[in-house]
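Content type PDB, C-alpha atoms, from the file upload29.pdb:
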ATOM      1  CA  MET I   1       9.415  19.173  19.971
ATOM      2  CA  ASN I   2      11.656  20.896  17.397
ATOM      3  CA  ASP I   3      11.739  19.771  13.764
ATOM      4  CA  GLU I   4      15.145  18.140  14.113
ATOM      5  CA  THR I   5      13.939  15.922  16.975
ATOM      6  CA  LEU I   6      10.788  15.090  15.005
ATOM      7  CA  LEU I   7      12.743  14.125  11.887
ATOM      8  CA  ALA I   8      15.040  11.921  13.993
ATOM      9  CA  ARG I   9      11.987  10.209  15.538
ATOM     10  CA  VAL I  10      10.133   9.582  12.290
ATOM     11  CA  SER I  11      13.376   8.383  10.649
ATOM     12  CA  ARG I  12      13.964   5.885  13.458
ATOM     13  CA  PHE I  13      10.342   4.720  13.170
ATOM     14  CA  ILE I  14      10.495   4.230   9.384
ATOM     15  CA  GLY I  15      13.865   2.519   9.936
ATOM     16  CA  THR I  16      12.105  -0.231  11.916
ATOM     17  CA  LEU I  17       9.643  -0.973   9.097
ATOM     18  CA  ARG I  18      11.330  -3.738   7.162
ATOM     19  CA  HIS I  19       9.382  -3.294   3.926
ATOM     20  CA  CYS I  20      10.204   0.434   3.856
ATOM     21  CA  GLN I  21      13.898  -0.438   4.082
ATOM     22  CA  HIS I  22      13.383  -2.925   1.261
ATOM     23  CA  LEU I  23      11.958  -0.181  -1.006
ATOM     24  CA  GLY I  24      14.330   2.533   0.257
ATOM     25  CA  ILE I  25      11.546   4.724   1.718
ATOM     26  CA  ARG I  26      12.910   7.510   3.962
ATOM     27  CA  ALA I  27      11.712  10.657   5.712
ATOM     28  CA  VAL I  28      12.802  13.940   4.084
ATOM     29  CA  SER I  29      11.333  16.567   6.423
ATOM     30  CA  ALA I  30       9.075  16.705   9.451
ATOM     31  CA  THR I  31       7.293  19.553  11.197
ATOM     32  CA  GLU I  32       4.413  19.515  13.655
ATOM     33  CA  ASN I  33       1.545  18.004  11.595
ATOM     34  CA  GLU I  34       3.394  17.702   8.293
ATOM     35  CA  LEU I  35       5.714  15.009   7.036
ATOM     36  CA  VAL I  36       7.422  14.443   3.673
ATOM     37  CA  VAL I  37       8.588  10.936   2.757
ATOM     38  CA  GLU I  38      10.506   9.799  -0.348
ATOM     39  CA  LEU I  39      10.188   6.630  -2.439
ATOM     40  CA  PRO I  40      13.218   6.262  -4.738
ATOM     41  CA  TYR I  41      12.662   4.841  -8.222
ATOM     42  CA  SER I  42      13.788   1.236  -8.658
ATOM     43  CA  ASP I  43      13.097  -1.709 -10.963
ATOM     44  CA  ALA I  44      11.534  -3.537  -7.984
ATOM     45  CA  ILE I  45       8.431  -1.304  -7.958
ATOM     46  CA  VAL I  46       7.669  -1.284 -11.689
ATOM     47  CA  GLY I  47       4.084  -2.232 -12.564
ATOM     48  CA  ASN I  48       4.334  -2.036 -16.344
ATOM     49  CA  PRO I  49       7.615  -3.513 -17.657
ATOM     50  CA  GLU I  50       6.958  -1.961 -21.079
ATOM     51  CA  THR I  51       6.848   1.644 -19.842
ATOM     52  CA  GLY I  52       8.678   1.409 -16.495
ATOM     53  CA  VAL I  53       5.746   3.095 -14.714
ATOM     54  CA  ILE I  54       5.619   2.461 -10.942
ATOM     55  CA  HIS I  55       2.872   0.113  -9.694
ATOM     56  CA  GLY I  56       0.022   1.743  -7.731
ATOM     57  CA  GLY I  57       0.727  -0.646  -4.841
ATOM     58  CA  ALA I  58       4.129   0.948  -4.220
ATOM     59  CA  ILE I  59       2.452   4.386  -4.189
ATOM     60  CA  THR I  60      -0.112   2.992  -1.711
ATOM     61  CA  THR I  61       2.755   1.755   0.487
ATOM     62  CA  LEU I  62       4.407   5.184   0.336
ATOM     63  CA  MET I  63       1.167   6.924   1.327
ATOM     64  CA  ASP I  64       0.302   4.410   4.071
ATOM     65  CA  THR I  65       3.802   4.950   5.497
ATOM     66  CA  ALA I  66       3.587   8.758   5.318
ATOM     67  CA  SER I  67       0.058   8.874   6.777
ATOM     68  CA  GLY I  68       0.821   6.338   9.514
ATOM     69  CA  THR I  69       4.025   8.146  10.461
ATOM     70  CA  VAL I  70       2.645  11.708  10.490
ATOM     71  CA  VAL I  71       0.654  10.677  13.593
ATOM     72  CA  ILE I  72       4.036  10.753  15.414
ATOM     73  CA  CYS I  73       4.283  14.443  14.493
ATOM     74  CA  ALA I  74       0.708  15.097  15.592
ATOM     75  CA  LEU I  75       0.770  13.365  18.993
ATOM     76  CA  PRO I  76       2.552  14.633  22.127
ATOM     77  CA  GLU I  77       3.768  11.147  23.030
ATOM     78  CA  PHE I  78       4.774   8.261  20.728
ATOM     79  CA  GLU I  79       2.071   5.644  20.188
ATOM     80  CA  LEU I  80       1.522   3.100  17.411
ATOM     81  CA  CYS I  81      -1.774   3.708  15.581
ATOM     82  CA  PRO I  82      -3.058   0.903  13.328
ATOM     83  CA  THR I  83      -4.643   1.888   9.989
ATOM     84  CA  LEU I  84      -8.433   1.600   9.884
ATOM     85  CA  ASP I  85      -8.853   2.520   6.249
ATOM     86  CA  LEU I  86      -7.266   4.233   3.269
ATOM     87  CA  ARG I  87      -8.940   5.718   0.221
ATOM     88  CA  VAL I  88      -6.542   6.390  -2.651
ATOM     89  CA  ASP I  89      -7.265   8.359  -5.865
ATOM     90  CA  TYR I  90      -4.750   7.955  -8.679
ATOM     91  CA  MET I  91      -4.572  11.142 -10.734
ATOM     92  CA  ARG I  92      -1.704  10.418 -13.132
ATOM     93  CA  ALA I  93       1.131   7.940 -13.652
ATOM     94  CA  ALA I  94       4.459   8.784 -12.023
ATOM     95  CA  GLU I  95       7.306   9.630 -14.415
ATOM     96  CA  PRO I  96       9.675   6.603 -14.548
ATOM     97  CA  GLY I  97      13.235   7.096 -13.307
ATOM     98  CA  HIS I  98      12.407   9.739 -10.708
ATOM     99  CA  PRO I  99      11.594   9.546  -6.984
ATOM    100  CA  VAL I 100       8.063  10.087  -5.680
ATOM    101  CA  TYR I 101       7.364  12.212  -2.602
ATOM    102  CA  ALA I 102       4.412  11.940  -0.216
ATOM    103  CA  ARG I 103       3.347  14.874   1.929
ATOM    104  CA  ALA I 104       1.041  13.848   4.793
ATOM    105  CA  ARG I 105      -0.911  15.900   7.347
ATOM    106  CA  ALA I 106      -2.945  14.874  10.359
ATOM    107  CA  TYR I 107      -5.853  17.289  10.076
ATOM    108  CA  ARG I 108      -7.945  16.092  12.999
ATOM    109  CA  VAL I 109      -6.900  14.263  16.152
ATOM    110  CA  THR I 110      -9.517  12.922  18.560
ATOM    111  CA  SER I 111      -9.125  10.645  21.588
ATOM    112  CA  ASN I 112      -9.935   7.622  19.396
ATOM    113  CA  ILE I 113      -9.163   8.466  15.775
ATOM    114  CA  ILE I 114      -6.602  10.396  13.713
ATOM    115  CA  PHE I 115      -7.723  11.664  10.286
ATOM    116  CA  THR I 116      -5.001  12.113   7.669
ATOM    117  CA  ARG I 117      -4.585  13.497   4.167
ATOM    118  CA  CYS I 118      -1.679  12.762   1.906
ATOM    119  CA  GLU I 119      -0.672  13.610  -1.643
ATOM    120  CA  THR I 120       2.175  12.342  -3.772
ATOM    121  CA  PHE I 121       4.108  14.298  -6.387
ATOM    122  CA  GLN I 122       7.475  14.370  -8.195
ATOM    123  CA  GLU I 123       9.397  17.519  -9.221
ATOM    124  CA  ASP I 124       6.332  19.776  -9.174
ATOM    125  CA  PRO I 125       4.266  19.624  -5.930
ATOM    126  CA  GLU I 126       1.266  20.982  -7.864
ATOM    127  CA  GLN I 127       1.214  17.961 -10.192
ATOM    128  CA  THR I 128      -0.424  15.435  -7.881
ATOM    129  CA  ILE I 129       0.225  11.764  -8.728
ATOM    130  CA  ALA I 130      -2.174  10.365  -6.118
ATOM    131  CA  HIS I 131      -4.206  11.595  -3.186
ATOM    132  CA  CYS I 132      -5.148   9.626  -0.095
ATOM    133  CA  VAL I 133      -7.322  10.087   2.974
ATOM    134  CA  GLY I 134      -6.879   7.746   5.905
ATOM    135  CA  THR I 135      -8.097   7.034   9.410
ATOM    136  CA  PHE I 136      -5.922   5.593  12.164
ATOM    137  CA  MET I 137      -7.044   4.198  15.494
ATOM    138  CA  ARG I 138      -5.507   5.262  18.787
ATOM    139  CA  ILE I 139      -4.831   2.310  21.051
ATOM    140  CA  GLY I 140      -2.769   4.292  23.590
ATOM    141  CA  PRO I 141       0.999   4.402  24.213
ATOM    142  CA  GLU I 142       0.748   1.535  26.738
ATOM    143  CA  ALA I 143      -0.207  -0.858  23.917
ATOM    144  CA  THR I 144       3.362  -0.482  22.561
ATOM    145  CA  PRO I 145       6.245  -2.047  24.564
ATOM    146  CA  LYS I 146       8.343   0.545  26.410
ATOM    147  CA  ALA I 147      11.583  -0.694  24.825
ATOM    148  CA  TYR I 148      10.204   0.059  21.362
ATOM    149  CA  ARG I 149       8.863   3.473  22.434
ATOM    150  CA  ASP I 150      12.296   4.329  23.856
ATOM    151  CA  LEU I 151      13.952   3.192  20.628
ATOM    152  CA  ILE I 152      11.791   5.611  18.604
ATOM    153  CA  THR I 153      11.904   8.574  20.994
ATOM    154  CA  GLY I 154      15.594   8.041  21.733
ATOM    155  CA  GLY I 155      14.578   8.388  25.397
ATOM    156  CA  ASP I 156      13.827  12.106  24.845
ATOM    157  CA  ASP I 157      10.304  11.784  26.286
ATOM    158  CA  GLU I 158      11.732  11.291  29.750
TER     159      GLU I 158
ATOM    160  CA  MET H   1      -1.359   1.215 -23.002
ATOM    161  CA  SER H   2       1.076  -1.308 -24.440
ATOM    162  CA  LEU H   3       1.636  -4.745 -23.004
ATOM    163  CA  SER H   4       4.960  -6.526 -22.971
ATOM    164  CA  GLY H   5       5.281  -9.654 -25.107
ATOM    165  CA  GLU H   6       5.630 -11.734 -21.958
ATOM    166  CA  MET H   7       2.329 -10.415 -20.590
ATOM    167  CA  ARG H   8       0.570 -10.851 -23.907
ATOM    168  CA  SER H   9       1.541 -14.509 -24.241
ATOM    169  CA  ALA H  10       0.641 -15.213 -20.585
ATOM    170  CA  LEU H  11      -2.804 -13.697 -21.226
ATOM    171  CA  GLN H  12      -3.312 -15.728 -24.384
ATOM    172  CA  ALA H  13      -2.344 -18.925 -22.558
ATOM    173  CA  GLY H  14      -4.627 -18.013 -19.616
ATOM    174  CA  ASP H  15      -1.593 -18.487 -17.348
ATOM    175  CA  TYR H  16      -2.105 -16.378 -14.202
ATOM    176  CA  GLN H  17       1.229 -17.352 -12.684
ATOM    177  CA  ALA H  18       3.156 -16.288 -15.817
ATOM    178  CA  LEU H  19       1.246 -13.000 -15.902
ATOM    179  CA  ILE H  20       2.223 -12.300 -12.262
ATOM    180  CA  ARG H  21       5.850 -13.173 -13.006
ATOM    181  CA  ALA H  22       5.888 -10.633 -15.840
ATOM    182  CA  VAL H  23       5.271  -7.758 -13.382
ATOM    183  CA  PRO H  24       8.393  -6.690 -11.418
ATOM    184  CA  TYR H  25       6.406  -5.290  -8.448
ATOM    185  CA  ALA H  26       4.488  -8.585  -8.086
ATOM    186  CA  ARG H  27       7.826 -10.437  -7.993
ATOM    187  CA  THR H  28       9.070  -8.017  -5.317
ATOM    188  CA  LEU H  29       6.089  -8.892  -3.110
ATOM    189  CA  GLY H  30       6.578 -12.590  -3.970
ATOM    190  CA  MET H  31       2.921 -13.152  -4.795
ATOM    191  CA  GLU H  32       1.592 -16.286  -6.472
ATOM    192  CA  CYS H  33      -1.751 -17.662  -7.515
ATOM    193  CA  GLU H  34      -3.572 -20.968  -7.597
ATOM    194  CA  THR H  35      -6.548 -21.934  -9.707
ATOM    195  CA  PHE H  36      -9.224 -24.413  -8.641
ATOM    196  CA  GLY H  37     -11.365 -24.958 -11.717
ATOM    197  CA  GLU H  38     -12.778 -21.506 -12.384
ATOM    198  CA  GLU H  39     -11.865 -20.251  -8.911
ATOM    199  CA  VAL H  40      -8.676 -18.260  -8.473
ATOM    200  CA  VAL H  41      -6.959 -17.648  -5.133
ATOM    201  CA  PHE H  42      -3.982 -15.289  -4.942
ATOM    202  CA  ARG H  43      -1.354 -16.024  -2.309
ATOM    203  CA  LEU H  44       1.239 -13.821  -0.643
ATOM    204  CA  PRO H  45       3.765 -16.117   1.083
ATOM    205  CA  ARG H  46       5.147 -14.794   4.365
ATOM    206  CA  SER H  47       8.353 -12.836   3.921
ATOM    207  CA  ASP H  48      10.566 -10.765   6.225
ATOM    208  CA  ASP H  49      10.851  -8.130   3.501
ATOM    209  CA  ASN H  50       7.092  -7.485   3.594
ATOM    210  CA  LEU H  51       6.902  -6.669   7.315
ATOM    211  CA  GLY H  52       5.920  -3.305   8.772
ATOM    212  CA  ASN H  53       5.155  -3.207  12.509
ATOM    213  CA  PRO H  54       8.091  -5.082  14.102
ATOM    214  CA  ILE H  55       6.315  -5.563  17.454
ATOM    215  CA  LEU H  56       3.538  -7.969  16.433
ATOM    216  CA  PRO H  57       5.182  -8.491  13.852
ATOM    217  CA  ALA H  58       2.713  -7.590  11.067
ATOM    218  CA  ILE H  59       2.784  -7.228   7.289
ATOM    219  CA  HIS H  60       3.117  -3.585   6.152
ATOM    220  CA  GLY H  61      -0.363  -2.208   5.408
ATOM    221  CA  GLY H  62       0.904  -0.937   2.075
ATOM    222  CA  VAL H  63       2.004  -4.458   1.093
ATOM    223  CA  ILE H  64      -1.509  -5.759   1.784
ATOM    224  CA  GLY H  65      -2.826  -2.872  -0.350
ATOM    225  CA  GLY H  66      -0.364  -3.621  -3.153
ATOM    226  CA  PHE H  67      -1.169  -7.353  -3.043
ATOM    227  CA  LEU H  68      -4.937  -6.701  -3.263
ATOM    228  CA  GLU H  69      -4.519  -4.088  -6.003
ATOM    229  CA  MET H  70      -2.253  -6.359  -8.059
ATOM    230  CA  SER H  71      -4.650  -9.311  -7.623
ATOM    231  CA  ALA H  72      -7.619  -7.183  -8.745
ATOM    232  CA  MET H  73      -5.680  -6.065 -11.811
ATOM    233  CA  ILE H  74      -4.586  -9.596 -12.776
ATOM    234  CA  SER H  75      -8.066 -11.055 -12.374
ATOM    235  CA  LEU H  76      -9.528  -8.203 -14.412
ATOM    236  CA  MET H  77      -6.984  -8.723 -17.205
ATOM    237  CA  MET H  78      -7.836 -12.412 -17.285
ATOM    238  CA  SER H  79     -11.555 -11.676 -17.630
ATOM    239  CA  GLN H  80     -11.051  -9.558 -20.766
ATOM    240  CA  GLU H  81     -11.515 -11.028 -24.210
ATOM    241  CA  THR H  82      -8.921  -8.744 -25.764
ATOM    242  CA  PRO H  83      -5.622  -8.132 -23.928
ATOM    243  CA  ARG H  84      -5.794  -4.707 -22.253
ATOM    244  CA  LEU H  85      -3.939  -3.281 -19.305
ATOM    245  CA  PRO H  86      -6.314  -1.840 -16.706
ATOM    246  CA  ARG H  87      -5.340   1.505 -15.190
ATOM    247  CA  ILE H  88      -6.344   2.009 -11.578
ATOM    248  CA  VAL H  89      -8.557   5.050 -10.858
ATOM    249  CA  ASP H  90      -9.227   4.669  -7.149
ATOM    250  CA  PHE H  91      -8.784   2.162  -4.369
ATOM    251  CA  SER H  92     -10.546   1.905  -0.975
ATOM    252  CA  LEU H  93      -9.039  -0.350   1.624
ATOM    253  CA  ASP H  94     -10.472  -1.381   5.000
ATOM    254  CA  TYR H  95      -8.122  -3.047   7.463
ATOM    255  CA  LEU H  96     -10.174  -5.425   9.594
ATOM    256  CA  ARG H  97      -7.506  -7.368  11.499
ATOM    257  CA  ALA H  98      -3.726  -7.205  11.791
ATOM    258  CA  GLY H  99      -2.047  -9.048   8.902
ATOM    259  CA  LEU H 100       0.267 -11.290  10.895
ATOM    260  CA  ASP H 101       3.593 -12.702   9.738
ATOM    261  CA  ARG H 102       2.133 -15.646   7.829
ATOM    262  CA  ASP H 103       0.736 -16.454   4.371
ATOM    263  CA  THR H 104      -2.081 -14.216   3.148
ATOM    264  CA  PHE H 105      -4.709 -15.121   0.560
ATOM    265  CA  CYS H 106      -7.208 -13.119  -1.455
ATOM    266  CA  GLU H 107      -9.940 -13.551  -4.019
ATOM    267  CA  CYS H 108     -11.495 -11.032  -6.391
ATOM    268  CA  HIS H 109     -15.018 -10.447  -7.638
ATOM    269  CA  LEU H 110     -15.669  -8.423 -10.760
ATOM    270  CA  THR H 111     -18.769  -6.557  -9.575
ATOM    271  CA  ARG H 112     -19.395  -4.536 -12.700
ATOM    272  CA  GLN H 113     -17.721  -4.397 -16.090
ATOM    273  CA  GLY H 114     -18.823  -1.448 -18.204
ATOM    274  CA  ASN H 115     -17.424  -0.381 -21.566
ATOM    275  CA  ARG H 116     -14.604   1.577 -20.007
ATOM    276  CA  VAL H 117     -14.781   1.220 -16.235
ATOM    277  CA  ALA H 118     -14.666  -1.912 -14.089
ATOM    278  CA  ASN H 119     -15.415  -2.294 -10.371
ATOM    279  CA  VAL H 120     -13.633  -5.079  -8.469
ATOM    280  CA  ILE H 121     -14.060  -6.172  -4.836
ATOM    281  CA  VAL H 122     -11.217  -8.043  -3.116
ATOM    282  CA  THR H 123     -11.253  -9.954   0.184
ATOM    283  CA  ALA H 124      -8.079 -11.025   2.009
ATOM    284  CA  TRP H 125      -7.671 -13.563   4.806
ATOM    285  CA  GLN H 126      -5.016 -15.616   6.590
ATOM    286  CA  GLN H 127      -6.101 -18.472   8.883
ATOM    287  CA  SER H 128      -9.751 -18.592   7.881
ATOM    288  CA  ARG H 129     -11.806 -17.205   5.024
ATOM    289  CA  ARG H 130     -14.468 -16.369   7.616
ATOM    290  CA  LYS H 131     -12.049 -13.971   9.338
ATOM    291  CA  PRO H 132     -11.011 -11.486   6.642
ATOM    292  CA  ILE H 133      -8.032  -9.255   7.460
ATOM    293  CA  ALA H 134      -8.856  -6.664   4.779
ATOM    294  CA  THR H 135     -11.381  -5.833   2.084
ATOM    295  CA  ALA H 136     -10.837  -3.530  -0.868
ATOM    296  CA  ARG H 137     -12.830  -1.985  -3.671
ATOM    297  CA  ALA H 138     -11.175  -0.675  -6.816
ATOM    298  CA  HIS H 139     -12.196   1.074 -10.025
ATOM    299  CA  PHE H 140     -10.170   0.535 -13.171
ATOM    300  CA  ILE H 141     -10.357   2.206 -16.553
ATOM    301  CA  MET H 142      -9.692   0.074 -19.624
ATOM    302  CA  ASP H 143      -7.723   1.729 -22.422
TER     303      ASP H 143
END
Turn the structure described in the file into structure tokens.
Amino acid sequence: MNDETLLARVSRFIGTLRHCQHLGIRAVSATENELVVELPYSDAIVGNPETGVIHGGAITTLMDTASGTVVICALPEFELCPTLDLRVDYMRAAEPGHPVYARARAYRVTSNIIFTRCETFQEDPEQTIAHCVGTFMRIGPEATPKAYRDLITGGDDE
Amino acid sequence: MSLSGEMRSALQAGDYQALIRAVPYARTLGMECETFGEEVVFRLPRSDDNLGNPILPAIHGGVIGGFLEMSAMISLMMSQETPRLPRIVDFSLDYLRAGLDRDTFCECHLTRQGNRVANVIVTAWQQSRRKPIATARAHFIMD
């Protein structure tokens, strides 16, 4: 699959996640095994009204989305993979007023489990805001209705 | 870290609901809380805007994470004698069952409160407390 097709797929997938639309989360780039997703700054995700710093929960949502979506890049065929667990380390507060980016990789794919890593950053990719490792369970493509699979793949699996 | 006046007065009054309302992200999720004597149960009413998987449909995993993290933070703030804003250090989240499109509840236990670091365990459920949908463990540092 070329990167353009991948980006179209992951964008369609994120487009079906209502809460991601609510927060304005969108895919920025996708390659095989690597995905970058953006969370724009907004008043809705502020955790400390005094400083305007984003709440950790919104960062968790960004990283869960990036990690759960990078499995689309890592698998030959589209399948929904529920999250088993996430472990998030918060290194520093995000700078208010600026978007946050999450870069996720699927570093090991087995027949049952996908292992992911993800880090979030702002202007400088070296200045990590938070880091996350996750595991996702494979339940097989058949567990997802064909109409939904076709919607995500745009029918380009056929 | 500084607290807004609204948060400070909610803390002094011991008013969980007012403290939640003072945090924009908590309002975005729509979370609430109820107290039963000394027991506190946080509630996340069902909402279309909180959905992820459209097939089941299910609540976005990140929303469940945010709800649990926010609840842990609020209950920790309420347990402090002096008003301080906890800063989250790390957060481990196990998803046990799909969070379906209905109300979700959670309760927090302060497992250990040291001088600077606190450890909080959170359990979330929907239909029955005996069938948790997620558990979380968080460390906070108190400034």
If you apply the PyMOL selection byres ((chain H) within 6 of (chain I)) to this file, what residues do you get, as an MDAnalysis selection string?
-> chainID H and resid 4 23:25 28 49:52 62 66 89:95
Target residues per the PyMOL selection byres ((chain I and resi 102) around 12), formatted as a PDB file with C-alpha atoms, keeping the file's coordinate frame:
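The result, written out as result.pdb:
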ATOM      1  CA  ILE I  25      11.546   4.724   1.718  1.00  0.00           C
ATOM      2  CA  ARG I  26      12.910   7.510   3.962  1.00  0.00           C
ATOM      3  CA  ALA I  27      11.712  10.657   5.712  1.00  0.00           C
ATOM      4  CA  VAL I  28      12.802  13.940   4.084  1.00  0.00           C
ATOM      5  CA  SER I  29      11.333  16.567   6.423  1.00  0.00           C
ATOM      6  CA  ALA I  30       9.075  16.705   9.451  1.00  0.00           C
ATOM      7  CA  GLU I  34       3.394  17.702   8.293  1.00  0.00           C
ATOM      8  CA  LEU I  35       5.714  15.009   7.036  1.00  0.00           C
ATOM      9  CA  VAL I  36       7.422  14.443   3.673  1.00  0.00           C
ATOM     10  CA  VAL I  37       8.588  10.936   2.757  1.00  0.00           C
ATOM     11  CA  GLU I  38      10.506   9.799  -0.348  1.00  0.00           C
ATOM     12  CA  LEU I  39      10.188   6.630  -2.439  1.00  0.00           C
ATOM     13  CA  PRO I  40      13.218   6.262  -4.738  1.00  0.00           C
ATOM     14  CA  ALA I  58       4.129   0.948  -4.220  1.00  0.00           C
ATOM     15  CA  ILE I  59       2.452   4.386  -4.189  1.00  0.00           C
ATOM     16  CA  THR I  60      -0.112   2.992  -1.711  1.00  0.00           C
ATOM     17  CA  THR I  61       2.755   1.755   0.487  1.00  0.00           C
ATOM     18  CA  LEU I  62       4.407   5.184   0.336  1.00  0.00           C
ATOM     19  CA  MET I  63       1.167   6.924   1.327  1.00  0.00           C
ATOM     20  CA  ASP I  64       0.302   4.410   4.071  1.00  0.00           C
ATOM     21  CA  THR I  65       3.802   4.950   5.497  1.00  0.00           C
ATOM     22  CA  ALA I  66       3.587   8.758   5.318  1.00  0.00           C
ATOM     23  CA  SER I  67       0.058   8.874   6.777  1.00  0.00           C
ATOM     24  CA  GLY I  68       0.821   6.338   9.514  1.00  0.00           C
ATOM     25  CA  THR I  69       4.025   8.146  10.461  1.00  0.00           C
ATOM     26  CA  VAL I  70       2.645  11.708  10.490  1.00  0.00           C
ATOM     27  CA  PRO I  99      11.594   9.546  -6.984  1.00  0.00           C
ATOM     28  CA  VAL I 100       8.063  10.087  -5.680  1.00  0.00           C
ATOM     29  CA  TYR I 101       7.364  12.212  -2.602  1.00  0.00           C
ATOM     30  CA  ARG I 103       3.347  14.874   1.929  1.00  0.00           C
ATOM     31  CA  ALA I 104       1.041  13.848   4.793  1.00  0.00           C
ATOM     32  CA  ARG I 105      -0.911  15.900   7.347  1.00  0.00           C
ATOM     33  CA  ARG I 117      -4.585  13.497   4.167  1.00  0.00           C
ATOM     34  CA  CYS I 118      -1.679  12.762   1.906  1.00  0.00           C
ATOM     35  CA  GLU I 119      -0.672  13.610  -1.643  1.00  0.00           C
ATOM     36  CA  THR I 120       2.175  12.342  -3.772  1.00  0.00           C
ATOM     37  CA  PHE I 121       4.108  14.298  -6.387  1.00  0.00           C
ATOM     38  CA  GLN I 122       7.475  14.370  -8.195  1.00  0.00           C
ATOM     39  CA  GLU I 123       9.397  17.519  -9.221  1.00  0.00           C
ATOM     40  CA  PRO I 125       4.266  19.624  -5.930  1.00  0.00           C
ATOM     41  CA  THR I 128      -0.424  15.435  -7.881  1.00  0.00           C
ATOM     42  CA  ILE I 129       0.225  11.764  -8.728  1.00  0.00           C
ATOM     43  CA  ALA I 130      -2.174  10.365  -6.118  1.00  0.00           C
ATOM     44  CA  HIS I 131      -4.206  11.595  -3.186  1.00  0.00           C
ATOM     45  CA  CYS I 132      -5.148   9.626  -0.095  1.00  0.00           C
TER      46      CYS I 132
END
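Using only C-alpha atoms, the nearest neighbour of H:Leu11 within the list H:Leu96, H:His109, H:Trp125, H:Thr82 is H:Thr82.
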Atomic distance atom CA of H:Val41 - atom CA of I:Val53, expressed in Å with one decimal |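 So the two atoms, atom CA of H:Val41 and atom CA of I:Val53, lie 26.1 Å apart.
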Quick one: pull the distance between atom CA of H:Gln127 and atom CA of H:Thr111, Å, one decimal.
->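 The value is 25.4 Å.
Note that the spacing between atom CA of I:Asp150 and atom CA of H:Ala58 amounts to 19.9 Å.
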Mind checking which residues fall within 7 Å of H:Ala72, counting all atoms listed in the file, ignoring those fewer than 5 positions away in the same chain, and posting them as an MDAnalysis selection string?
-> chainID H and resid 108 120 122
When the PyMOL selection byres ((chain H and resi 110) around 12) is applied to the file above, which residues end up in the set, as a list in words?
->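 Selected by the PyMOL selection byres ((chain H and resi 110) around 12) in this file: Ser71, Ala72, Met73, Ile74, Ser75, Leu76, Met77, Met78, Ser79, Gln80, Glu107, Cys108, His109, Thr111, Arg112, Gln113, Gly114, Val117, Ala118, Asn119, Val120, Ile121, Val122, Thr123, Arg137, Ala138, His139 and Phe140 of chain H.
Candidate residues I:Ala94, I:Tyr107, I:Arg138, I:Asn33 were compared for distance to I:Ala74, and the nearest is I:Asn33, using all atoms listed in the file.
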Contacts of stretch 98-105 of chain H at 7 Å or less, counting only C-alpha atoms, minus same-chain residues fewer than 2 places along, as a list in words?
-> Val41, Phe42, Arg43, Leu44, Pro45, Arg46, Pro57, Ala58, Ile59, Ala124, Trp125, Gln126 and Ile133 of chain H
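When all atoms listed in the file are used to measure the gap to H:Thr135, the shortest distance among H:Val63, H:Leu3, H:Ala18, H:Leu68 belongs to H:Leu68.
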